[in-house]
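Peer 1: I have a structure I would like to understand better, so I am pasting it below and will then ask my questions one at a time.
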Amino acid sequence: MSNTTSNAIEVRDAVKRYGDFTALKRISLSIKDNEFFTLLGPSGCGKTTLLRMIAGFEDVTEGAIFLYGDEIENLPPHQRPVNTVFQNYALFPHMTILDNVAFGLEMRGKSKDQARSRAGEMLELVQLSQFAARKPSQLSGGQQQRVALARALAPQPKVLLLDEPLSALDLKLRKAMQLELKHLQRETGITFIFVTHDQEEALTMSDRIAVMSAGEMQQLGGPKDIYEKPRNMFVADFIGETNLLEVSVDGINNGRAVCHLGGGHELTCDAVDGVGVGSHVHMSVRPERLYMSDKPVETESLKGRIKENIFVGTDITTIVDLEDGPEFVVRTSNSDRGNKRIFEPGAEMYVNMELGAARLLVD
Amino acid sequence: MAAGAASGGSATTDTYKESRFWLLLPAWVVLGIFVLAPVMMMLIYSFLTKEFRGGVIWELSFAAYDQFFCDRGLFGDEPCTIEWTYIQIFWRSIWQAGAATLLSLAIGFPTAYFIATRPESQRPLWVFLITIPYWVNLLIRTVSMKFLLRDQGPLNDALIGIGLLDSPLHIVNTNFAVQLGLFYSYLPFMVLPIYAAVERYNFALSEAAADLYATKWTTLRRILLPAVKPGVIAGCILVFVPSMGSFLAPDLLGGAKNFMIGSLIEEQFKGNAGNWPFGAAASMILLTMVLIILLIFARQQAKAEKEA
Ligand SMILES: Nc1ncnc2c1ncn2[C@@H]1O[C@H](COP(=O)(O)OP(=O)(O)O)[C@@H](O)[C@H]1O
Ligand SMILES: [Mg+2]
């Protein structure tokens, strides 16, 4: 019945207000069938609100939500074929693990036996068969998490909603679960909408990411796009680490923007929609896209003095005082030490950008 | 000095043991004086001989229990056959208290749920409003209830006034009036424990159930109720037990026909017509009955828990 041409979820001009406070300011987005889609943003930006509107726990103040072409924003939660993995799991404490997983199947009209046997299969899928007869309180956090996942997947929802499902787990378990989730999504072919405030997690797992801030969508795109071509200051700053330069745009030729720094130093980079000639904007450069040399490699090389080298395992982070700008962070991977130079603190040197590394930001 | 007392292995545990004894002593004394002593007194009195103008003679006698259970004919000289009078009163008491408990549950549960789901800042106000009528003496409340319910009372006047009835509905002096009276007497004891339980309930569980295609009704039955069951049970016990022994509502609202065990006991200690040993025996039987009912309930609860 699912129409392949329509999107799994379409949110159209959705607004959510709590009294005077607007939690979501006219959000529109389309999520494709079979996609691992992530809502990413700092705490309080409205991710949970949007997810709860899709699940049916919050009314939509304005706008519409479609599930495979069917308008659903007025249906009660129990009539929407989407399931949720809750942030604190919300497992039924008085039921066994098996009955927790069987609950949704039973509600969908399966007999108790059918539901239980299918629930057993789901527990096998998440490797918890031996805990079937236990109560949720007798399981560790990671195990409860997997039960919540099995419970939400068991009725084969059209879309699975996950609200920061890994945030309560320790780092190692979280990494393992990230992979497991990704595999589960591939195996089941169910559309996942995943909420997180952890940009690294979002980059690792997602097919596409919607970056949100203060109830507004900032950018939507694949992990590589979002990371390498941040649209504005918020995204550049929130995703990964970045260096920012204040520049004025002097001219645009053949898709290249010619800019200069306060001190007059000239830089060129790709032009960006929304940044015209004469605008004063920021330029973003990722630390790992910079390298250092003792002579200027090109006219654009920025002169500076080494302030500090910090060894961080896989990388060396170098703090540079630019002559013509603010402090810069340069990251050199240890595996690159053969062809990239490291200077002692106090040394004068030049910082160079790799081709296409600089990115102009809207406002 | 405090640090010194707390350090050192065995000395500390000894200190704990000793201070524990002294700290618990007041509780034991209070329990002993206010719970154990009265029950023991009743138990002893029930095995004494009655004095004709109230009071007891200190002479061992089983007459009270004999009177309760045995019918020995008009002159008291026939062999014992079962005396139904008091058993009937008992049965009526259980039945009336049970009905009042169900009524309290039916009204109290939605009330408690309503309060527990108000914004946190409003809840104390609602709890306060619920308890306001109970600042008035129980006797006065019960009399007022009789006034409200009687044939020419405001309730019937209103029902006739709006044309719902042609002639007054007789409520006073029926079983139902007693149930209403008991319900009204003990409603907060139902509402408050359920409110406490619902307030602690994690409503994300209801959302999870709805998310898994459960209707509101199924969610209530399969998720909310099991979670707040301890509060419901506490409420039922707190209404049922005092209802069983109460005498104001049955006396004032039920009339002579709807006599309950509380009234029977009350009469034995009133004025000159009383029979203290018999009242004490009836009290002991009431206590035993209540304990048995609670035990059966607890056992079944434990069994249901095991099966689930
Ligand atoms: N029931 C509510 N009433 C009022 N404000 C709310 C309510 N729920 C959420 N908010 C507000 O809406 C904003 C977005 O919340 P939320 O969606 O939970 O953020 P996130 O999940 O991104 O951390 C927050 O500022 C929060 O305070
Ligand atoms: Mg959230």
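Order determines the names: the first chain of the structure tokens is A, the second B, and so forth; residues in each chain are numbered 1 upward, and ligands are numbered 1 upward as they are shown.
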Write down, as a VMD selection string, each residue of chain B that has any atom within 12 Å of an atom of chain A, counting only C-alpha atoms.
Peer 2: chain B and resid 201 to 219 222 to 229 304 to 308
Peer 1: Filtering to N, CA, C and O atoms, could you give me those residues as a short mmCIF file (atom, residue, chain, number, x, y, z; two decimals), in the first residue's frame?
Peer 2:
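Output file again07.cif follows:
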```cif
data_model
loop_
_atom_site.label_atom_id
_atom_site.label_comp_id
_atom_site.auth_asym_id
_atom_site.auth_seq_id
_atom_site.Cartn_x
_atom_site.Cartn_y
_atom_site.Cartn_z
N TYR B 201 2.91 8.03 39.01
CA TYR B 201 2.87 7.24 37.77
C TYR B 201 3.61 7.97 36.65
O TYR B 201 3.52 9.19 36.51
N ASN B 202 4.35 7.20 35.88
CA ASN B 202 5.11 7.75 34.76
C ASN B 202 4.22 7.76 33.52
O ASN B 202 4.01 6.73 32.89
N PHE B 203 3.70 8.94 33.17
CA PHE B 203 2.74 9.00 32.08
C PHE B 203 3.35 8.67 30.72
O PHE B 203 2.62 8.44 29.76
N ALA B 204 4.67 8.62 30.67
CA ALA B 204 5.31 8.16 29.42
C ALA B 204 4.87 6.73 29.11
O ALA B 204 4.81 6.33 27.95
N LEU B 205 4.51 5.96 30.16
CA LEU B 205 4.06 4.59 29.94
C LEU B 205 2.74 4.58 29.17
O LEU B 205 2.51 3.74 28.31
N SER B 206 1.86 5.53 29.49
CA SER B 206 0.59 5.62 28.76
C SER B 206 0.85 6.02 27.32
O SER B 206 0.18 5.53 26.40
N GLU B 207 1.82 6.91 27.13
CA GLU B 207 2.15 7.30 25.75
C GLU B 207 2.71 6.10 24.99
O GLU B 207 2.37 5.87 23.83
N ALA B 208 3.58 5.35 25.68
CA ALA B 208 4.16 4.17 25.04
C ALA B 208 3.05 3.20 24.63
O ALA B 208 3.08 2.63 23.53
N ALA B 209 2.06 3.02 25.49
CA ALA B 209 0.96 2.11 25.17
C ALA B 209 0.16 2.62 23.97
O ALA B 209 -0.16 1.86 23.05
N ALA B 210 -0.15 3.92 23.97
CA ALA B 210 -0.88 4.50 22.85
C ALA B 210 -0.06 4.38 21.57
O ALA B 210 -0.59 4.09 20.49
N ASP B 211 1.23 4.56 21.71
CA ASP B 211 2.12 4.43 20.57
C ASP B 211 2.07 3.01 20.00
O ASP B 211 2.21 2.81 18.80
N LEU B 212 1.85 2.03 20.89
CA LEU B 212 1.78 0.63 20.47
C LEU B 212 0.33 0.21 20.21
O LEU B 212 -0.05 -0.92 20.45
N TYR B 213 -0.50 1.17 19.79
CA TYR B 213 -1.84 0.90 19.27
C TYR B 213 -2.88 0.55 20.33
O TYR B 213 -3.95 0.03 20.01
N ALA B 214 -2.60 0.83 21.61
CA ALA B 214 -3.59 0.57 22.64
C ALA B 214 -4.57 1.75 22.72
O ALA B 214 -4.15 2.90 22.68
N THR B 215 -5.86 1.44 22.83
CA THR B 215 -6.84 2.51 23.01
C THR B 215 -6.73 3.06 24.43
O THR B 215 -6.05 2.47 25.27
N LYS B 216 -7.44 4.16 24.69
CA LYS B 216 -7.39 4.78 26.03
C LYS B 216 -7.83 3.77 27.10
O LYS B 216 -7.22 3.66 28.15
N TRP B 217 -8.90 3.06 26.78
CA TRP B 217 -9.47 2.11 27.73
C TRP B 217 -8.48 0.99 28.03
O TRP B 217 -8.26 0.62 29.18
N THR B 218 -7.87 0.43 26.98
CA THR B 218 -6.88 -0.64 27.18
C THR B 218 -5.68 -0.13 27.97
O THR B 218 -5.16 -0.83 28.84
N THR B 219 -5.27 1.09 27.67
CA THR B 219 -4.14 1.67 28.40
C THR B 219 -4.47 1.78 29.88
O THR B 219 -3.65 1.44 30.74
N ARG B 222 -4.62 -1.98 31.26
CA ARG B 222 -3.43 -2.84 31.24
C ARG B 222 -2.16 -2.15 31.72
O ARG B 222 -1.19 -2.82 32.06
N ILE B 223 -2.14 -0.82 31.70
CA ILE B 223 -0.90 -0.13 32.08
C ILE B 223 -1.10 0.73 33.34
O ILE B 223 -0.40 0.54 34.33
N LEU B 224 -2.08 1.62 33.31
CA LEU B 224 -2.24 2.53 34.46
C LEU B 224 -2.68 1.78 35.72
O LEU B 224 -2.08 1.92 36.78
N LEU B 225 -3.74 0.98 35.60
CA LEU B 225 -4.28 0.30 36.78
C LEU B 225 -3.25 -0.58 37.49
O LEU B 225 -3.10 -0.48 38.70
N PRO B 226 -2.53 -1.44 36.76
CA PRO B 226 -1.52 -2.24 37.45
C PRO B 226 -0.48 -1.37 38.17
O PRO B 226 -0.01 -1.72 39.25
N ALA B 227 -0.17 -0.21 37.58
CA ALA B 227 0.86 0.64 38.19
C ALA B 227 0.36 1.31 39.46
O ALA B 227 1.13 1.53 40.38
N VAL B 228 -0.93 1.66 39.51
CA VAL B 228 -1.43 2.38 40.68
C VAL B 228 -2.19 1.46 41.64
O VAL B 228 -2.82 1.92 42.59
N LYS B 229 -2.13 0.14 41.39
CA LYS B 229 -2.88 -0.81 42.19
C LYS B 229 -2.63 -0.68 43.69
O LYS B 229 -3.60 -0.73 44.47
N ALA B 304 -1.85 -13.67 42.24
CA ALA B 304 -1.99 -13.01 40.94
C ALA B 304 -0.64 -12.46 40.47
O ALA B 304 -0.29 -12.53 39.30
N GLU B 305 0.11 -11.93 41.44
CA GLU B 305 1.43 -11.36 41.13
C GLU B 305 2.34 -12.44 40.56
O GLU B 305 3.04 -12.23 39.59
N LYS B 306 2.29 -13.61 41.20
CA LYS B 306 3.16 -14.71 40.79
C LYS B 306 2.82 -15.16 39.37
O LYS B 306 3.71 -15.45 38.58
N GLU B 307 1.52 -15.25 39.10
CA GLU B 307 1.09 -15.74 37.79
C GLU B 307 1.47 -14.78 36.67
O GLU B 307 1.80 -15.19 35.57
N ALA B 308 1.41 -13.48 36.94
CA ALA B 308 1.66 -12.48 35.90
C ALA B 308 3.12 -12.49 35.44
O ALA B 308 3.98 -13.04 36.05
#
```
Peer 1: Mind checking DSSP for segment 6-146 of chain B and telling me the helix (DSSP H, G or I) residues as a VMD selection string?
Peer 2: chain B and resid 6 9 to 45 63 to 69 84 to 116 120 to 135 138 to 146
Peer 1: Using only C-alpha atoms and all ligand atoms, find each residue in chain A having at least one atom no more than 10 Å away from ligand 2; report its shortest atom-to-atom pair and that distance in Å (one decimal), rows by chain then rising number, as JSON lines.
Peer 2:
```
{"residue": "A:Gly41", "atom": "CA", "partner": "ligand 2", "partner_atom_place_in_ligand_line": "1 (Mg)", "distance": 9.4}
{"residue": "A:Pro42", "atom": "CA", "partner": "ligand 2", "partner_atom_place_in_ligand_line": "1 (Mg)", "distance": 9.0}
{"residue": "A:Ser43", "atom": "CA", "partner": "ligand 2", "partner_atom_place_in_ligand_line": "1 (Mg)", "distance": 6.4}
{"residue": "A:Gly44", "atom": "CA", "partner": "ligand 2", "partner_atom_place_in_ligand_line": "1 (Mg)", "distance": 6.7}
{"residue": "A:Cys45", "atom": "CA", "partner": "ligand 2", "partner_atom_place_in_ligand_line": "1 (Mg)", "distance": 8.2}
{"residue": "A:Gly46", "atom": "CA", "partner": "ligand 2", "partner_atom_place_in_ligand_line": "1 (Mg)", "distance": 7.1}
{"residue": "A:Lys47", "atom": "CA", "partner": "ligand 2", "partner_atom_place_in_ligand_line": "1 (Mg)", "distance": 5.7}
{"residue": "A:Thr48", "atom": "CA", "partner": "ligand 2", "partner_atom_place_in_ligand_line": "1 (Mg)", "distance": 4.2}
{"residue": "A:Thr49", "atom": "CA", "partner": "ligand 2", "partner_atom_place_in_ligand_line": "1 (Mg)", "distance": 7.4}
{"residue": "A:Leu50", "atom": "CA", "partner": "ligand 2", "partner_atom_place_in_ligand_line": "1 (Mg)", "distance": 9.4}
{"residue": "A:Leu51", "atom": "CA", "partner": "ligand 2", "partner_atom_place_in_ligand_line": "1 (Mg)", "distance": 8.9}
{"residue": "A:Arg52", "atom": "CA", "partner": "ligand 2", "partner_atom_place_in_ligand_line": "1 (Mg)", "distance": 9.7}
{"residue": "A:Gln87", "atom": "CA", "partner": "ligand 2", "partner_atom_place_in_ligand_line": "1 (Mg)", "distance": 8.0}
{"residue": "A:Asp163", "atom": "CA", "partner": "ligand 2", "partner_atom_place_in_ligand_line": "1 (Mg)", "distance": 6.7}
{"residue": "A:Glu164", "atom": "CA", "partner": "ligand 2", "partner_atom_place_in_ligand_line": "1 (Mg)", "distance": 7.0}
{"residue": "A:Val195", "atom": "CA", "partner": "ligand 2", "partner_atom_place_in_ligand_line": "1 (Mg)", "distance": 7.6}
{"residue": "A:Thr196", "atom": "CA", "partner": "ligand 2", "partner_atom_place_in_ligand_line": "1 (Mg)", "distance": 7.8}
{"residue": "A:His197", "atom": "CA", "partner": "ligand 2", "partner_atom_place_in_ligand_line": "1 (Mg)", "distance": 8.4}
```
Peer 1: Take the residues from that selection and write them out as a CSV table (one decimal), in the first residue's frame, keeping N, CA, C and O atoms.
Peer 2:
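Saved as again-v1.csv:
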```
chain,number,residue,atom,x,y,z
A,41,GLY,N,20.3,19.0,16.9
A,41,GLY,CA,20.3,20.4,17.3
A,41,GLY,C,20.5,20.4,18.8
A,41,GLY,O,20.4,19.3,19.5
A,42,PRO,N,20.9,21.5,19.4
A,42,PRO,CA,21.1,21.6,20.8
A,42,PRO,C,19.9,21.4,21.6
A,42,PRO,O,18.8,21.4,21.1
A,43,SER,N,20.0,21.1,22.9
A,43,SER,CA,18.9,20.8,23.7
A,43,SER,C,17.9,22.0,23.7
A,43,SER,O,18.4,23.2,23.8
A,44,GLY,N,16.6,21.8,23.6
A,44,GLY,CA,15.6,22.8,23.7
A,44,GLY,C,15.3,23.4,22.3
A,44,GLY,O,14.5,24.4,22.2
A,45,CYS,N,15.9,22.9,21.2
A,45,CYS,CA,15.6,23.5,19.9
A,45,CYS,C,14.3,23.0,19.3
A,45,CYS,O,13.9,23.5,18.2
A,46,GLY,N,13.7,22.0,19.9
A,46,GLY,CA,12.4,21.6,19.4
A,46,GLY,C,12.4,20.2,18.7
A,46,GLY,O,11.4,19.8,18.1
A,47,LYS,N,13.5,19.4,18.8
A,47,LYS,CA,13.5,18.1,18.2
A,47,LYS,C,12.4,17.2,18.7
A,47,LYS,O,11.7,16.6,18.0
A,48,THR,N,12.4,17.1,20.1
A,48,THR,CA,11.4,16.2,20.7
A,48,THR,C,10.0,16.6,20.3
A,48,THR,O,9.1,15.8,20.0
A,49,THR,N,9.8,17.9,20.3
A,49,THR,CA,8.4,18.5,20.0
A,49,THR,C,8.0,18.0,18.6
A,49,THR,O,6.9,17.5,18.4
A,50,LEU,N,8.9,18.1,17.6
A,50,LEU,CA,8.6,17.7,16.3
A,50,LEU,C,8.4,16.2,16.2
A,50,LEU,O,7.4,15.7,15.6
A,51,LEU,N,9.2,15.4,16.9
A,51,LEU,CA,9.0,14.0,16.9
A,51,LEU,C,7.7,13.6,17.5
A,51,LEU,O,6.9,12.7,17.0
A,52,ARG,N,7.3,14.3,18.6
A,52,ARG,CA,6.1,14.0,19.3
A,52,ARG,C,4.8,14.4,18.5
A,52,ARG,O,3.8,13.8,18.6
A,87,GLN,N,13.0,8.2,25.1
A,87,GLN,CA,14.3,8.5,25.6
A,87,GLN,C,14.6,7.7,26.9
A,87,GLN,O,15.7,7.2,27.0
A,163,ASP,N,14.0,8.9,20.0
A,163,ASP,CA,14.3,10.2,20.7
A,163,ASP,C,15.5,10.0,21.6
A,163,ASP,O,15.4,9.5,22.7
A,164,GLU,N,16.7,10.5,21.1
A,164,GLU,CA,17.9,10.4,21.9
A,164,GLU,C,18.0,9.0,22.5
A,164,GLU,O,18.3,8.9,23.8
A,195,VAL,N,16.6,11.3,16.7
A,195,VAL,CA,16.8,12.6,17.3
A,195,VAL,C,18.1,12.5,18.2
A,195,VAL,O,18.2,11.6,18.9
A,196,THR,N,19.0,13.5,18.0
A,196,THR,CA,20.1,13.5,18.8
A,196,THR,C,20.7,15.0,18.9
A,196,THR,O,20.4,15.8,18.1
A,197,HIS,N,21.4,15.2,20.0
A,197,HIS,CA,22.1,16.5,20.1
A,197,HIS,C,23.6,16.3,19.8
A,197,HIS,O,24.4,17.3,19.9
```
Peer 1: At a cut-off of 10 Å, can you tabulate as JSON lines every residue of segment 33-108 of chain B near segment 230-237 of chain B together with its closest atom pair and the distance in Å to one decimal, using only C-alpha atoms and ordering rows by chain then number?
Peer 2:
```
{"residue": "B:Gly98", "atom": "CA", "partner": "B:Cys236", "partner_atom": "CA", "distance": 8.9}
{"residue": "B:Ala100", "atom": "CA", "partner": "B:Cys236", "partner_atom": "CA", "distance": 9.7}
{"residue": "B:Thr101", "atom": "CA", "partner": "B:Cys236", "partner_atom": "CA", "distance": 6.0}
{"residue": "B:Leu102", "atom": "CA", "partner": "B:Cys236", "partner_atom": "CA", "distance": 8.0}
{"residue": "B:Ser104", "atom": "CA", "partner": "B:Cys236", "partner_atom": "CA", "distance": 8.2}
{"residue": "B:Leu105", "atom": "CA", "partner": "B:Cys236", "partner_atom": "CA", "distance": 7.3}
{"residue": "B:Gly108", "atom": "CA", "partner": "B:Gly235", "partner_atom": "CA", "distance": 9.0}
```
Peer 1: Quick check for you: according to DSSP on this backbone, which residues of segment 80-230 of chain A are classed as strand (DSSP E or B)? Reply as a list in words.
Peer 2: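 Everything in segment 80-230 of chain A that counts as strand (DSSP E or B) is Val82, Asn83, Thr84, Val85, Val159, Leu160, Leu161, Leu162, Asp163, Thr191, Phe192, Ile193, Phe194, Val195, Thr196, Arg208, Ile209, Ala210, Val211, Met212, Ser213, Glu216, Met217, Gln218, Gln219, Leu220 and Gly221 of chain A.
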Peer 1: Out of B:Thr174, B:Ser93, B:Ile87, B:Pro119, which residue has the shortest atom-to-atom distance to ligand 1 when counting only C-alpha atoms and all ligand atoms?
Peer 2: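 Closest residue, counting only C-alpha atoms and all ligand atoms: B:Pro119.
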Peer 1: What is the atom CA of Asn7 of chain A to atom 17 (O, counted along the ligand's line) of ligand 1 distance in Å?
Peer 2: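 According to the coordinates, atom CA of Asn7 of chain A and atom 17 (O, counted along the ligand's line) of ligand 1 are separated by 23.0 Å.
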Peer 1: Which residues are near segment 245-252 of chain A? Cut-off 7 Å, only C-alpha atoms, ignore same chain within fewer than 5 positions. Put them as a list in words.
Peer 2: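 Those residues are Ala257, Val258, Cys259, His260, Leu261, Gly262, Ala271, Val277, Gly278, Ser279, His280, Val281, His282, Met283, Ser284 and Gly325 of chain A.
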Peer 1: Just the residues within 9 Å of Leu159 of chain B, please, counting only C-alpha atoms, with nothing from its chain fewer than 5 positions along; format it as a list in words.
Peer 2: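 Non-adjacent residues within range: Pro154, Leu164, Leu165, Asp166, Pro168 and Leu169 of chain B.
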Peer 1: Quick check, in Å to one decimal: how far apart do atom CA of Gly73 of chain B and atom CA of Phe278 of chain B lie?
Peer 2: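 That distance, rounded to one decimal, is 18.0 Å.
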Peer 1: Could you tell me how far atom CA of Lys175 of chain A lies from atom 19 (O, counted along the ligand's line) of ligand 1, in Å and to one decimal?
Peer 2: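 Computing the Euclidean distance for atom CA of Lys175 of chain A and atom 19 (O, counted along the ligand's line) of ligand 1 yields 23.4 Å.
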Peer 1: Please provide the set of residues having any atom within 9 Å of segment 282-289 of chain B, restricted to only C-alpha atoms, with same-chain residues fewer than 6 positions apart removed, written as a short mmCIF file (atom, residue, chain, number, x, y, z; two decimals) with all heavy atoms, in the first residue's frame.
Peer 2:
```
data_model
loop_
_atom_site.label_atom_id
_atom_site.label_comp_id
_atom_site.auth_asym_id
_atom_site.auth_seq_id
_atom_site.Cartn_x
_atom_site.Cartn_y
_atom_site.Cartn_z
N VAL B 39 -7.12 -3.54 72.41
CA VAL B 39 -7.54 -4.83 71.86
C VAL B 39 -7.48 -5.89 72.95
O VAL B 39 -8.39 -6.72 73.09
CB VAL B 39 -6.64 -5.21 70.65
CG1 VAL B 39 -6.93 -6.64 70.22
CG2 VAL B 39 -6.88 -4.25 69.50
N MET B 42 -10.44 -5.49 75.22
CA MET B 42 -11.66 -6.01 74.60
C MET B 42 -11.68 -7.53 74.68
O MET B 42 -12.70 -8.13 75.00
CB MET B 42 -11.71 -5.59 73.12
CG MET B 42 -12.20 -4.19 72.91
SD MET B 42 -13.90 -4.04 73.45
CE MET B 42 -13.83 -2.49 74.26
N LEU B 43 -10.51 -8.10 74.38
CA LEU B 43 -10.42 -9.56 74.39
C LEU B 43 -10.76 -10.08 75.79
O LEU B 43 -11.54 -11.03 75.94
CB LEU B 43 -9.00 -9.98 73.98
CG LEU B 43 -8.77 -11.47 73.80
CD1 LEU B 43 -9.63 -12.00 72.65
CD2 LEU B 43 -7.30 -11.77 73.55
N SER B 46 -14.43 -9.60 76.75
CA SER B 46 -15.39 -10.47 76.05
C SER B 46 -15.53 -11.82 76.75
O SER B 46 -16.46 -12.56 76.48
CB SER B 46 -14.96 -10.65 74.59
OG SER B 46 -13.81 -11.46 74.51
N ALA B 64 -20.98 -14.35 76.29
CA ALA B 64 -21.05 -13.37 75.20
C ALA B 64 -21.00 -14.06 73.85
O ALA B 64 -21.81 -13.79 72.96
CB ALA B 64 -19.92 -12.36 75.34
N TYR B 65 -20.02 -14.97 73.71
CA TYR B 65 -19.87 -15.67 72.42
C TYR B 65 -21.03 -16.62 72.19
O TYR B 65 -21.49 -16.80 71.07
CB TYR B 65 -18.54 -16.42 72.37
CG TYR B 65 -17.37 -15.46 72.29
CD1 TYR B 65 -16.69 -15.06 73.44
CD2 TYR B 65 -16.98 -14.95 71.05
CE1 TYR B 65 -15.64 -14.17 73.36
CE2 TYR B 65 -15.93 -14.06 70.98
CZ TYR B 65 -15.25 -13.67 72.12
OH TYR B 65 -14.24 -12.79 72.04
N PHE B 68 -23.85 -14.76 70.87
CA PHE B 68 -23.64 -14.34 69.49
C PHE B 68 -23.95 -15.47 68.51
O PHE B 68 -24.61 -15.28 67.50
CB PHE B 68 -22.19 -13.88 69.30
CG PHE B 68 -21.97 -13.12 68.03
CD1 PHE B 68 -21.96 -11.72 68.03
CD2 PHE B 68 -21.79 -13.77 66.81
CE1 PHE B 68 -21.77 -11.00 66.86
CE2 PHE B 68 -21.60 -13.07 65.64
CZ PHE B 68 -21.59 -11.68 65.67
N TYR B 86 -27.30 -12.22 64.47
CA TYR B 86 -26.08 -11.41 64.42
C TYR B 86 -25.27 -11.68 63.16
O TYR B 86 -24.62 -10.79 62.62
CB TYR B 86 -25.24 -11.64 65.68
CG TYR B 86 -26.05 -11.36 66.93
CD1 TYR B 86 -26.36 -12.35 67.84
CD2 TYR B 86 -26.53 -10.07 67.16
CE1 TYR B 86 -27.12 -12.09 68.96
CE2 TYR B 86 -27.29 -9.79 68.28
CZ TYR B 86 -27.58 -10.80 69.18
OH TYR B 86 -28.33 -10.53 70.27
N PHE B 90 -23.93 -9.02 60.51
CA PHE B 90 -22.56 -9.04 59.99
C PHE B 90 -22.55 -9.04 58.47
O PHE B 90 -21.81 -8.30 57.83
CB PHE B 90 -21.83 -10.29 60.50
CG PHE B 90 -20.79 -9.94 61.49
CD1 PHE B 90 -21.04 -10.06 62.84
CD2 PHE B 90 -19.56 -9.48 61.08
CE1 PHE B 90 -20.09 -9.71 63.76
CE2 PHE B 90 -18.61 -9.14 62.00
CZ PHE B 90 -18.86 -9.25 63.35
N MET B 244 -17.21 -0.86 57.81
CA MET B 244 -17.71 -2.06 58.48
C MET B 244 -18.16 -1.76 59.89
O MET B 244 -19.18 -2.27 60.35
CB MET B 244 -16.58 -3.11 58.56
CG MET B 244 -16.41 -4.00 57.38
SD MET B 244 -17.64 -5.28 57.33
CE MET B 244 -16.95 -6.46 58.49
N GLY B 245 -17.37 -0.95 60.59
CA GLY B 245 -17.67 -0.74 62.01
C GLY B 245 -18.42 0.55 62.28
O GLY B 245 -18.61 0.92 63.42
N ILE B 261 -23.22 -3.68 62.18
CA ILE B 261 -22.47 -4.21 63.32
C ILE B 261 -22.00 -3.10 64.26
O ILE B 261 -21.98 -3.28 65.48
CB ILE B 261 -21.30 -5.09 62.83
CG1 ILE B 261 -20.61 -5.82 63.97
CG2 ILE B 261 -20.28 -4.28 62.06
CD1 ILE B 261 -21.45 -6.94 64.50
N GLY B 262 -21.65 -1.95 63.68
CA GLY B 262 -21.18 -0.83 64.50
C GLY B 262 -22.25 -0.39 65.49
O GLY B 262 -21.97 -0.11 66.66
N LEU B 264 -24.71 -2.20 66.61
CA LEU B 264 -24.88 -3.27 67.59
C LEU B 264 -23.88 -3.11 68.72
O LEU B 264 -24.23 -3.16 69.90
CB LEU B 264 -24.71 -4.63 66.90
CG LEU B 264 -24.83 -5.85 67.80
CD1 LEU B 264 -26.28 -6.03 68.22
CD2 LEU B 264 -24.32 -7.10 67.10
N ILE B 265 -22.63 -2.87 68.33
CA ILE B 265 -21.57 -2.72 69.34
C ILE B 265 -21.81 -1.46 70.16
O ILE B 265 -21.73 -1.47 71.40
CB ILE B 265 -20.18 -2.67 68.67
CG1 ILE B 265 -19.88 -4.02 68.02
CG2 ILE B 265 -19.11 -2.32 69.68
CD1 ILE B 265 -18.68 -4.03 67.12
#
```
